[in-house]
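Colleague: This is start_38.cif (mmCIF, C-alpha atoms and all ligand atoms).
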```cif
data_target
loop_
_atom_site.label_atom_id
_atom_site.label_comp_id
_atom_site.auth_asym_id
_atom_site.auth_seq_id
_atom_site.Cartn_x
_atom_site.Cartn_y
_atom_site.Cartn_z
CA MET A 1 0.00 0.00 0.00
CA ASP A 2 1.07 3.55 -0.70
CA HIS A 3 1.74 4.58 2.91
CA ASP A 4 4.05 1.62 3.48
CA VAL A 5 6.38 2.44 0.61
CA ASN A 6 8.88 4.50 2.59
CA LEU A 7 9.26 1.76 5.19
CA ALA A 8 9.19 -1.17 2.80
CA ARG A 9 12.30 -0.29 0.86
CA ASP A 10 15.88 -0.76 2.00
CA CYS A 11 17.49 2.60 2.36
CA ARG A 12 20.89 3.85 3.44
CA SER A 13 21.22 6.18 6.42
CA PHE A 14 24.15 8.58 5.96
CA PHE A 15 24.68 8.79 9.76
CA THR A 16 28.45 8.89 10.33
CA HIS A 17 29.13 9.99 13.92
CA LEU A 18 27.99 12.16 16.83
CA GLU A 19 29.38 15.43 18.06
CA CYS A 20 29.22 17.23 21.42
CA SER A 21 27.05 20.33 20.98
CA LEU A 22 29.35 22.34 23.26
CA THR A 23 32.91 21.16 22.61
CA GLY A 24 32.67 19.51 19.17
CA GLU A 25 34.21 16.30 20.55
CA LEU A 26 33.41 13.35 18.25
CA TYR A 27 31.68 10.10 19.24
CA GLU A 28 31.24 6.85 17.32
CA ALA A 29 27.94 5.93 15.71
CA ASP A 30 26.20 2.60 16.44
CA GLN A 31 27.07 2.59 20.14
CA ILE A 32 24.96 3.52 23.16
CA HIS A 33 25.44 7.17 24.15
CA GLY A 34 23.86 9.56 26.64
CA LEU A 35 25.26 13.05 27.19
CA SER A 36 28.78 13.97 26.06
CA ASN A 37 31.74 13.92 28.44
CA ALA A 38 31.10 17.64 28.94
CA GLY A 39 27.55 16.80 30.11
CA ARG A 40 25.94 18.33 27.02
CA PRO A 41 23.66 16.97 24.27
CA LEU A 42 25.19 14.95 21.46
CA LEU A 43 24.19 15.84 17.91
CA VAL A 44 23.97 13.27 15.11
CA ARG A 45 26.08 14.05 12.03
CA TYR A 46 25.65 12.76 8.48
CA ASP A 47 27.80 12.52 5.37
CA LEU A 48 25.79 15.22 3.63
CA LYS A 49 28.11 15.28 0.61
CA ALA A 50 27.49 11.62 -0.14
CA LEU A 51 23.80 12.00 0.69
CA GLY A 52 23.48 14.90 -1.77
CA ALA A 53 25.19 12.82 -4.46
CA ALA A 54 22.88 9.86 -3.84
CA ILE A 55 19.48 11.57 -3.72
CA SER A 56 17.88 14.85 -4.71
CA ARG A 57 14.94 16.98 -3.63
CA ALA A 58 13.01 15.48 -6.52
CA ASP A 59 13.59 11.96 -5.15
CA ILE A 60 12.15 13.04 -1.81
CA GLU A 61 9.18 14.72 -3.51
CA ALA A 62 8.39 11.54 -5.44
CA ARG A 63 7.89 9.59 -2.19
CA PRO A 64 4.75 9.45 -0.03
CA THR A 65 4.81 12.35 2.43
CA ASP A 66 5.14 10.54 5.76
CA MET A 67 8.07 10.98 8.14
CA TRP A 68 9.99 8.08 6.60
CA ARG A 69 10.47 9.81 3.26
CA TRP A 70 13.48 11.43 5.00
CA ARG A 71 15.20 8.17 5.94
CA GLU A 72 18.61 9.05 4.50
CA LEU A 73 18.67 12.06 6.87
CA LEU A 74 17.67 10.00 9.90
CA PRO A 75 19.80 7.70 12.07
CA VAL A 76 17.98 4.33 11.88
CA ARG A 77 19.90 2.08 9.51
CA ASN A 78 17.74 -1.06 9.35
CA ARG A 79 14.07 -0.74 8.45
CA ASN A 80 13.23 -3.67 10.72
CA ASP A 81 14.19 -1.50 13.69
CA ILE A 82 11.62 1.19 12.84
CA VAL A 83 8.75 0.84 15.32
CA SER A 84 6.19 2.78 13.33
CA LEU A 85 2.61 3.60 14.30
CA GLY A 86 1.95 5.62 11.12
CA GLU A 87 3.83 8.93 11.43
CA ILE A 88 2.13 11.15 8.86
CA GLU A 89 3.24 14.53 7.56
CA THR A 90 1.11 16.97 9.58
CA PRO A 91 -1.01 19.51 7.74
CA LEU A 92 -0.79 23.31 7.82
CA ILE A 93 -4.21 24.64 8.80
CA PRO A 94 -5.06 28.30 8.06
CA ILE A 95 -6.69 30.17 10.95
CA PRO A 96 -7.77 33.35 9.13
CA ARG A 97 -10.26 34.54 11.74
CA SER A 98 -8.45 33.95 15.02
CA GLY A 99 -4.96 34.36 13.58
CA GLY A 100 -4.75 36.19 10.26
CA ALA A 101 -4.66 35.78 6.51
CA ARG A 102 -1.14 34.37 6.45
CA VAL A 103 -1.14 32.41 9.70
CA LEU A 104 -0.89 28.62 9.48
CA VAL A 105 -1.04 26.10 12.31
CA LYS A 106 1.10 23.02 11.93
CA ASP A 107 -1.25 20.60 13.60
CA GLU A 108 0.83 17.99 15.33
CA GLY A 109 -2.16 16.63 17.21
CA ARG A 110 -2.76 14.22 14.33
CA LEU A 111 0.33 12.14 15.00
CA PRO A 112 0.25 8.78 16.83
CA THR A 113 -0.53 9.28 20.56
CA GLY A 114 -1.93 12.69 19.67
CA SER A 115 1.22 14.79 19.94
CA PHE A 116 4.51 15.72 18.30
CA LYS A 117 6.29 13.69 20.93
CA ALA A 118 5.66 10.74 18.60
CA ARG A 119 8.29 12.15 16.22
CA GLY A 120 11.07 12.13 18.79
CA LEU A 121 10.07 8.93 20.51
CA VAL A 122 9.61 6.81 17.39
CA MET A 123 13.19 7.69 16.50
CA ALA A 124 14.66 7.24 19.98
CA VAL A 125 12.84 3.94 20.59
CA SER A 126 13.80 2.61 17.16
CA MET A 127 17.44 3.43 17.93
CA ALA A 128 17.12 1.86 21.40
CA LYS A 129 15.80 -1.28 19.73
CA ALA A 130 18.67 -1.22 17.22
CA LEU A 131 21.20 -0.81 20.04
CA GLY A 132 19.66 -3.54 22.22
CA ILE A 133 18.43 -1.35 25.09
CA SER A 134 15.78 -3.24 27.07
CA ARG A 135 14.71 -0.91 29.89
CA ILE A 136 14.07 2.82 29.68
CA ALA A 137 13.03 5.52 32.17
CA MET A 138 11.87 9.05 31.47
CA PRO A 139 10.57 12.19 33.20
CA THR A 140 7.59 13.72 31.41
CA ASN A 141 4.93 16.41 31.57
CA GLY A 142 2.62 13.89 29.89
CA ASN A 143 2.77 13.66 26.13
CA ALA A 144 6.33 12.39 25.85
CA GLY A 145 5.57 9.64 28.35
CA ALA A 146 2.54 8.58 26.34
CA ALA A 147 4.55 8.38 23.14
CA LEU A 148 7.37 6.47 24.84
CA ALA A 149 4.90 4.00 26.38
CA ALA A 150 3.28 3.36 23.01
CA TYR A 151 6.43 2.77 20.97
CA ALA A 152 8.30 0.90 23.69
CA SER A 153 5.35 -1.44 24.36
CA ARG A 154 5.10 -2.09 20.66
CA CYS A 155 8.62 -3.50 20.57
CA GLY A 156 8.76 -5.07 24.04
CA ILE A 157 10.99 -2.54 25.79
CA GLU A 158 10.22 -2.09 29.50
CA THR A 159 9.39 1.49 30.50
CA ILE A 160 9.24 3.38 33.80
CA ILE A 161 7.85 6.91 33.70
CA PHE A 162 7.83 9.72 36.29
CA CYS A 163 5.58 12.76 36.00
CA PRO A 164 4.67 15.73 38.21
CA ASP A 165 1.64 14.80 40.34
CA ASP A 166 -0.55 17.44 38.67
CA THR A 167 0.13 16.16 35.14
CA PRO A 168 -3.16 16.09 33.19
CA GLU A 169 -5.04 12.97 34.35
CA ILE A 170 -5.60 11.72 30.82
CA ASN A 171 -1.84 11.68 30.17
CA VAL A 172 -1.13 9.59 33.26
CA ARG A 173 -3.87 7.12 32.34
CA GLU A 174 -2.85 6.80 28.70
CA ILE A 175 0.71 6.10 29.79
CA ALA A 176 -0.50 3.35 32.13
CA LEU A 177 -2.91 1.92 29.55
CA GLN A 178 -0.11 1.77 27.01
CA GLY A 179 1.90 -0.53 29.19
CA ALA A 180 4.40 1.64 31.09
CA ARG A 181 4.84 1.75 34.86
CA VAL A 182 3.97 5.36 35.68
CA TRP A 183 4.64 7.21 38.93
CA ARG A 184 3.28 10.58 40.04
CA VAL A 185 5.99 12.57 41.84
CA ASN A 186 5.41 15.53 44.19
CA GLY A 187 7.67 17.85 42.23
CA LEU A 188 8.30 19.28 38.77
CA ILE A 189 9.75 17.64 35.65
CA ASP A 190 13.36 18.31 36.65
CA ASP A 191 12.68 16.67 40.04
CA CYS A 192 11.40 13.64 38.09
CA GLY A 193 14.53 13.88 35.91
CA ALA A 194 16.72 13.67 39.02
CA ILE A 195 15.09 10.32 39.96
CA VAL A 196 15.63 9.02 36.42
CA GLY A 197 19.25 10.20 36.52
CA GLU A 198 19.89 8.49 39.86
CA GLY A 199 18.38 5.20 38.64
CA ALA A 200 20.47 5.38 35.48
CA LYS A 201 23.61 5.97 37.55
CA GLN A 202 22.75 2.82 39.49
CA GLY A 203 22.51 0.91 36.18
CA ARG A 204 18.78 0.24 36.53
CA TRP A 205 17.69 1.71 33.21
CA PHE A 206 18.64 3.92 30.27
CA ASP A 207 17.90 7.66 30.72
CA PHE A 208 15.51 8.86 27.99
CA SER A 209 15.22 12.49 29.19
CA THR A 210 14.95 14.92 26.32
CA LEU A 211 18.38 15.75 24.83
CA LYS A 212 20.07 13.30 27.23
CA GLU A 213 19.96 10.70 24.48
CA PRO A 214 20.85 11.79 20.93
CA TYR A 215 17.93 10.61 18.80
CA ARG A 216 14.75 12.34 19.96
CA ILE A 217 16.06 15.52 18.39
CA GLU A 218 16.49 13.69 15.05
CA GLY A 219 12.81 12.79 15.13
CA LYS A 220 11.80 16.34 16.01
CA LYS A 221 14.04 17.55 13.20
CA THR A 222 11.49 16.20 10.74
CA MET A 223 9.22 19.15 11.61
CA GLY A 224 11.76 21.41 9.91
CA LEU A 225 12.28 19.04 6.98
CA GLU A 226 8.51 18.88 6.42
CA LEU A 227 8.13 22.63 6.58
CA ALA A 228 10.80 23.04 3.89
CA ALA A 229 8.99 20.63 1.58
CA GLN A 230 5.55 22.08 2.40
CA PHE A 231 6.81 25.61 1.61
CA SER A 232 8.34 24.48 -1.72
CA TRP A 233 11.91 24.63 -0.35
CA LYS A 234 11.56 28.17 0.89
CA LEU A 235 10.66 28.70 4.52
CA PRO A 236 8.06 30.79 6.34
CA ASP A 237 9.05 34.21 7.71
CA ALA A 238 8.52 33.25 11.34
CA ILE A 239 7.91 30.16 13.46
CA PHE A 240 6.33 30.28 16.90
CA TYR A 241 7.28 27.25 18.99
CA PRO A 242 6.05 26.45 22.53
CA THR A 243 9.32 25.87 24.33
CA GLY A 244 9.83 23.54 27.25
CA GLY A 245 12.96 21.47 26.68
CA GLY A 246 13.13 23.12 23.25
CA THR A 247 13.99 19.92 21.41
CA GLY A 248 11.75 20.78 18.47
CA LEU A 249 13.16 24.25 18.04
CA ILE A 250 16.72 22.97 18.18
CA GLY A 251 15.76 20.12 15.85
CA MET A 252 14.23 22.43 13.25
CA TRP A 253 17.27 24.67 13.35
CA LYS A 254 19.45 21.62 12.73
CA ALA A 255 17.18 20.54 9.87
CA PHE A 256 17.54 23.91 8.16
CA ALA A 257 21.35 23.77 8.46
CA GLU A 258 21.44 20.28 6.94
CA LEU A 259 19.10 21.26 4.11
CA GLU A 260 21.23 24.31 3.32
CA ALA A 261 24.41 22.21 3.34
CA LEU A 262 22.69 19.93 0.82
CA GLY A 263 21.81 22.94 -1.31
CA TRP A 264 18.11 22.10 -0.98
CA ILE A 265 17.22 25.46 0.62
CA GLY A 266 18.95 28.85 0.59
CA SER A 267 20.35 30.81 3.53
CA LYS A 268 17.10 32.56 4.47
CA ARG A 269 15.83 31.38 7.83
CA PRO A 270 12.55 31.95 9.63
CA ARG A 271 12.72 34.15 12.71
CA MET A 272 12.34 31.61 15.53
CA PHE A 273 10.10 32.66 18.41
CA ALA A 274 10.53 30.57 21.57
CA VAL A 275 7.22 30.85 23.39
CA GLN A 276 6.94 30.32 27.14
CA ALA A 277 4.37 31.09 29.85
CA THR A 278 4.90 34.03 32.22
CA GLY A 279 4.67 31.50 35.11
CA CYS A 280 7.68 29.57 33.75
CA ALA A 281 9.92 31.56 31.45
CA PRO A 282 13.60 30.71 32.05
CA ILE A 283 14.53 30.98 28.38
CA VAL A 284 12.80 34.35 28.03
CA LYS A 285 14.68 35.67 31.05
CA ALA A 286 18.02 34.43 29.71
CA PHE A 287 17.24 35.91 26.30
CA ASP A 288 16.36 39.29 27.82
CA ASP A 289 19.44 39.19 30.07
CA GLY A 290 21.66 38.47 27.05
CA VAL A 291 23.18 35.33 28.63
CA GLU A 292 23.92 31.88 27.14
CA HIS A 293 22.54 29.71 29.93
CA ALA A 294 19.26 29.96 31.83
CA ASP A 295 18.81 29.78 35.61
CA ARG A 296 16.24 27.38 37.03
CA TRP A 297 12.79 28.99 37.23
CA GLU A 298 11.41 28.71 40.75
CA ASP A 299 7.68 28.16 41.49
CA ALA A 300 6.92 27.24 37.90
CA HIS A 301 3.21 27.26 37.06
CA THR A 302 1.06 27.50 33.92
CA VAL A 303 -2.00 25.85 32.40
CA ALA A 304 0.24 24.79 29.53
CA ALA A 305 1.76 21.75 31.25
CA GLY A 306 4.06 20.86 28.33
CA ILE A 307 6.02 24.09 28.66
CA ARG A 308 6.30 23.98 32.43
CA VAL A 309 9.99 23.13 32.30
CA PRO A 310 12.01 25.07 34.90
CA ARG A 311 15.39 24.07 33.45
CA ALA A 312 16.39 22.90 29.95
CA VAL A 313 19.62 20.99 29.33
CA GLY A 314 19.72 22.46 25.80
CA ASP A 315 19.14 26.06 26.94
CA PHE A 316 22.20 27.40 25.11
CA LEU A 317 21.14 25.68 21.87
CA ILE A 318 17.64 27.20 22.06
CA LEU A 319 19.07 30.65 22.77
CA ARG A 320 21.63 30.41 19.97
CA ALA A 321 19.01 29.41 17.40
CA VAL A 322 16.61 32.16 18.45
CA ARG A 323 19.34 34.80 18.38
CA GLU A 324 20.89 33.68 15.10
CA SER A 325 17.47 33.70 13.49
CA GLY A 326 16.70 37.27 14.54
CA GLY A 327 13.72 36.00 16.54
CA ARG A 328 12.78 36.48 20.17
CA ALA A 329 11.83 34.59 23.29
CA LEU A 330 8.38 35.72 24.42
CA ALA A 331 6.26 34.94 27.48
CA VAL A 332 2.46 35.03 27.50
CA ASP A 333 0.11 34.68 30.47
CA ASP A 334 -2.44 31.94 31.07
CA ASP A 335 -5.42 34.22 30.32
CA ALA A 336 -4.00 35.03 26.88
CA ILE A 337 -3.29 31.32 26.30
CA LEU A 338 -6.83 30.22 27.18
CA LYS A 339 -8.35 33.05 25.14
CA ALA A 340 -6.32 31.98 22.11
CA VAL A 341 -7.52 28.36 22.49
CA ASP A 342 -11.11 29.56 22.80
CA ASP A 343 -10.87 31.93 19.82
CA THR A 344 -9.37 29.32 17.50
CA ALA A 345 -11.96 26.72 18.52
CA LYS A 346 -14.92 29.06 18.11
CA GLN A 347 -13.77 31.09 15.12
CA ASP A 348 -11.74 28.63 13.04
CA GLY A 349 -12.96 25.23 14.20
CA LEU A 350 -9.52 24.06 15.30
CA LEU A 351 -9.20 22.71 18.85
CA MET A 352 -5.67 23.45 20.03
CA CYS A 353 -3.85 22.40 23.18
CA PRO A 354 -2.88 25.18 25.64
CA GLU A 355 0.71 25.10 24.37
CA GLY A 356 -0.62 25.70 20.85
CA GLY A 357 -2.76 28.50 22.25
CA ALA A 358 0.42 30.01 23.69
CA THR A 359 1.91 30.32 20.21
CA LEU A 360 -1.14 32.23 18.96
CA ALA A 361 -1.06 34.47 22.03
CA ALA A 362 2.64 35.14 21.38
CA TYR A 363 2.00 35.83 17.70
CA ARG A 364 -0.66 38.38 18.66
CA ARG A 365 1.80 40.04 20.99
CA ALA A 366 4.58 40.01 18.38
CA LEU A 367 2.21 41.57 15.85
CA SER A 368 1.14 44.33 18.23
CA GLU A 369 4.79 45.08 19.07
CA GLY A 370 5.84 45.16 15.41
CA LEU A 371 8.12 42.10 15.71
CA VAL A 372 6.23 40.52 12.80
CA GLY A 373 3.99 42.07 10.17
CA GLU A 374 0.61 41.10 8.75
CA ARG A 375 2.21 40.22 5.42
CA ASP A 376 4.66 37.78 7.01
CA GLU A 377 4.07 34.09 6.47
CA ILE A 378 3.68 32.62 9.95
CA VAL A 379 3.71 29.06 11.28
CA LEU A 380 2.39 28.33 14.78
CA PHE A 381 2.96 24.92 16.33
CA ASN A 382 0.00 23.13 17.87
CA CYS A 383 1.88 20.27 19.45
CA SER A 384 -0.93 18.09 20.75
CA THR A 385 -4.58 17.41 20.15
CA GLY A 386 -6.75 19.73 22.20
CA LEU A 387 -8.86 16.72 23.16
CA LYS A 388 -6.41 15.68 25.89
CA TYR A 389 -6.95 18.82 27.98
CA PRO A 390 -9.62 19.96 30.45
CA MET A 391 -12.37 21.90 28.72
CA PRO A 392 -14.95 24.34 30.09
CA GLU A 393 -18.10 22.62 31.37
CA ALA A 394 -21.14 22.28 29.11
CA PRO A 395 -23.86 21.62 31.70
CA GLN A 396 -27.11 22.05 29.77
CA SER A 397 -29.46 19.11 29.42
CA LEU A 398 -32.96 18.54 28.13
CA ASP A 399 -35.79 16.40 29.58
CA ARG A 400 -37.43 14.90 26.50
CA THR A 401 -40.48 13.75 28.52
CA LYS A 402 -41.48 17.38 29.25
CA PRO A 403 -42.62 20.09 26.81
CA ILE A 404 -39.61 21.60 25.04
CA ASP A 405 -39.25 25.37 24.77
CA PHE A 406 -37.78 25.50 21.28
CA ASP A 407 -37.35 29.27 21.44
CA ALA A 408 -34.89 28.82 24.30
CA LEU A 409 -32.63 26.31 22.51
C1 LIG A 501 1.83 19.87 23.97
C2 LIG A 501 3.27 20.22 24.20
N1 LIG A 501 3.75 21.35 23.69
C3 LIG A 501 5.05 21.71 23.85
C4 LIG A 501 5.94 20.94 24.58
C5 LIG A 501 7.38 21.38 24.71
O1 LIG A 501 8.19 20.71 23.79
P1 LIG A 501 9.78 20.83 23.80
O2 LIG A 501 10.26 19.98 24.93
O3 LIG A 501 10.26 20.39 22.46
O4 LIG A 501 10.12 22.27 24.04
C6 LIG A 501 5.48 19.75 25.14
C7 LIG A 501 6.38 18.91 25.94
O5 LIG A 501 5.98 18.21 26.86
C8 LIG A 501 4.12 19.37 24.94
O6 LIG A 501 3.62 18.23 25.47
#
```
Represent the structure contained in this file as structure tokens.
Modeller:
Amino acid sequence: MDHDVNLARDCRSFFTHLECSLTGELYEADQIHGLSNAGRPLLVRYDLKALGAAISRADIEARPTDMWRWRELLPVRNRNDIVSLGEIETPLIPIPRSGGARVLVKDEGRLPTGSFKARGLVMAVSMAKALGISRIAMPTNGNAGAALAAYASRCGIETIIFCPDDTPEINVREIALQGARVWRVNGLIDDCGAIVGEGAKQGRWFDFSTLKEPYRIEGKKTMGLELAAQFSWKLPDAIFYPTGGGTGLIGMWKAFAELEALGWIGSKRPRMFAVQATGCAPIVKAFDDGVEHADRWEDAHTVAAGIRVPRAVGDFLILRAVRESGGRALAVDDDAILKAVDDTAKQDGLLMCPEGGATLAAYRRALSEGLVGERDEIVLFNCSTGLKYPMPEAPQSLDRTKPIDFDAL
């Protein structure tokens, strides 16, 4: 069948080695790695020269549009290791009434497990399978845990997941239902990360925290690859990304660099807007202070659980990408986030998650402050289906055995 084509064929990955994102130290491919010796994320590198000689943009365009059309630019070598649940290319949905004439939402809620975490986790779990890892632990604000549980269960990898105790109930239950052992912890995601780190140090499991293993970012990179193809190998003027760990923003920035090295896009880059909530905005503070690393944000709180990340191991990579792009880090408050969700649902028929709402709220702010213009082509990321989140009550009911006042309906 058409959608299986990209997975059915044998295909060479041009993955050559890994590199420390801080020091440039090199690491061998096809071995188990966590962070670099300097304690920083490792980035996957490819032989882009050979890749460019082997395939062209036209070859990519001739393939079905799912995530696996990019296999040469991804690390999994053997197709039998790919633990797919059907990772489609996500559509760009115009929101002309709540956003504007040139505002598109990349709707990641349509991916397996209902969020963009599927991109990173399908890649990381496939690589774990390839490398023979049998037990994984991860801290999560919800969606990443759900995606890990799904892919790991599918290939028989044991999974232990820790989430803050006020993680949305549906996330905790979907994680459990999908076969992981899930624990609520009375702390935030970095407190959960400390438990995972300690267990990993004791040799109990492999640490799957975002950016602490090298392959989730390669999955998230496909958001940038897709955008390039969807925009006919040009790119939008600005991207608004809800930033917790920032893996997607860093991944897209990496994708654009690789595509330019291949000669598939030019040097023009979108302005990258890292969007956070005013109740948890460490990257915004570091951006405004002009520093390379962010301090931990104390008393983090926001309705947008996915971006309640007090400390990001890739902070300097997020900040570099935002600065190089000429973008900004912006914080928006919970009222603006919830209003944006409500407006898009009522005016454009698209039900976004709060993190997606944050990107619209930030776009509105950027527009009012002149950071973007109405003629700019804008992409907002809606990272999860809005169906996973609490919604306002709808309490009205009708007794069909009594006379109905049709005028009041
Ligand atoms: C819906 C949603 N949006 C945004 C994020 C933040 O993603 P990242 O860690 O890539 O910054 C998350 C992460 O949990 C999420 O679940």
Colleague: Do a neighbour search on Cys353 in chain A at 12 Å with all atoms listed in the file, toss out local chain neighbours closer than 4 positions, and write the hits as an NGL selection string.
Modeller: :A and (105 or 107-109 or 114-116 or 143 or 168 or 242 or 303-307 or 337-342 or 344-345 or 357-360 or 381-391)
Colleague: Produce the centre coordinates and the three edge lengths, each in Å to one decimal, of the box along x, y and z that contains all listed atoms of ligand LIG 501 (chain A) with 3 Å added on each side, as lines of an AutoDock Vina configuration file.
Modeller:
```
center_x = 6.0
center_y = 20.2
center_z = 24.7
size_x = 14.4
size_y = 10.1
size_z = 10.4
```
Colleague: For a cutoff of 12 Å around the file-coordinate point (23.2, 13.5, 15.5), which residues qualify once you count all atoms listed in the file? I'd like the result as a ChimeraX atom specification.
Modeller: /A:13-21,24,26-30,33-36,41-47,73-76,123-124,127,211,213-221,250-251,254-255,258
Colleague: For Ala147 in chain A, which residue among A:Gln202, A:Gln31, A:Asn80, A:Thr113 is the nearest when counting only C-alpha atoms?
Modeller: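 Of A:Gln202, A:Gln31, A:Asn80, A:Thr113, the one nearest Ala147 in chain A, counting only C-alpha atoms, is A:Thr113.
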Colleague: Report as a VMD selection string all protein, DNA and RNA residues lying within 6 Å of range 171-176 of chain A, evaluated on all atoms listed in the file, omitting residues in the same chain fewer than 5 positions from it.
Modeller: chain A and resid 142 146 149
Colleague: With distances taken over all atoms listed in the file, which of A:Met67, A:Ala294, A:Ile265, A:Val313 is nearest to ligand LIG 501 (chain A)?
Modeller: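 With all atoms listed in the file as the atom set, the closest residue is A:Val313.
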Colleague: In terms of the shortest atom-to-atom distance over all atoms listed in the file, which of A:Leu121, A:Ala144, A:Leu351, A:Ile404 is closest to ligand LIG 501 (chain A)?
Modeller: A:Ala144
Colleague: For range 250-263 of chain A, supply N, CA and C atoms and format the output as a PDB file, in the coordinates of the input.
Modeller:
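This went into rebuild-v1.pdb:
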```
ATOM      1  N   ILE A 250      15.331  23.305  18.491  1.00  0.00           N
ATOM      2  CA  ILE A 250      16.720  22.970  18.180  1.00  0.00           C
ATOM      3  C   ILE A 250      16.754  22.019  16.968  1.00  0.00           C
ATOM      4  N   GLY A 251      15.830  21.082  16.948  1.00  0.00           N
ATOM      5  CA  GLY A 251      15.760  20.120  15.850  1.00  0.00           C
ATOM      6  C   GLY A 251      15.472  20.790  14.516  1.00  0.00           C
ATOM      7  N   MET A 252      14.529  21.727  14.513  1.00  0.00           N
ATOM      8  CA  MET A 252      14.230  22.430  13.250  1.00  0.00           C
ATOM      9  C   MET A 252      15.422  23.246  12.779  1.00  0.00           C
ATOM     10  N   TRP A 253      16.107  23.865  13.710  1.00  0.00           N
ATOM     11  CA  TRP A 253      17.270  24.670  13.350  1.00  0.00           C
ATOM     12  C   TRP A 253      18.355  23.784  12.718  1.00  0.00           C
ATOM     13  N   LYS A 254      18.490  22.595  13.285  1.00  0.00           N
ATOM     14  CA  LYS A 254      19.450  21.620  12.730  1.00  0.00           C
ATOM     15  C   LYS A 254      19.000  21.176  11.335  1.00  0.00           C
ATOM     16  N   ALA A 255      17.698  20.952  11.182  1.00  0.00           N
ATOM     17  CA  ALA A 255      17.180  20.540   9.870  1.00  0.00           C
ATOM     18  C   ALA A 255      17.506  21.589   8.809  1.00  0.00           C
ATOM     19  N   PHE A 256      17.297  22.853   9.157  1.00  0.00           N
ATOM     20  CA  PHE A 256      17.540  23.910   8.160  1.00  0.00           C
ATOM     21  C   PHE A 256      19.021  23.952   7.779  1.00  0.00           C
ATOM     22  N   ALA A 257      19.907  23.767   8.754  1.00  0.00           N
ATOM     23  CA  ALA A 257      21.350  23.770   8.460  1.00  0.00           C
ATOM     24  C   ALA A 257      21.703  22.610   7.522  1.00  0.00           C
ATOM     25  N   GLU A 258      21.142  21.447   7.782  1.00  0.00           N
ATOM     26  CA  GLU A 258      21.440  20.280   6.940  1.00  0.00           C
ATOM     27  C   GLU A 258      20.892  20.484   5.520  1.00  0.00           C
ATOM     28  N   LEU A 259      19.692  21.038   5.437  1.00  0.00           N
ATOM     29  CA  LEU A 259      19.100  21.260   4.110  1.00  0.00           C
ATOM     30  C   LEU A 259      19.904  22.311   3.325  1.00  0.00           C
ATOM     31  N   GLU A 260      20.413  23.313   4.023  1.00  0.00           N
ATOM     32  CA  GLU A 260      21.230  24.310   3.320  1.00  0.00           C
ATOM     33  C   GLU A 260      22.554  23.696   2.854  1.00  0.00           C
ATOM     34  N   ALA A 261      23.153  22.875   3.720  1.00  0.00           N
ATOM     35  CA  ALA A 261      24.410  22.210   3.340  1.00  0.00           C
ATOM     36  C   ALA A 261      24.204  21.318   2.109  1.00  0.00           C
ATOM     37  N   LEU A 262      23.006  20.764   1.994  1.00  0.00           N
ATOM     38  CA  LEU A 262      22.690  19.930   0.820  1.00  0.00           C
ATOM     39  C   LEU A 262      22.379  20.779  -0.411  1.00  0.00           C
ATOM     40  N   GLY A 263      22.205  22.073  -0.205  1.00  0.00           N
ATOM     41  CA  GLY A 263      21.810  22.940  -1.310  1.00  0.00           C
ATOM     42  C   GLY A 263      20.329  22.834  -1.658  1.00  0.00           C
TER      43      GLY A 263
END
```
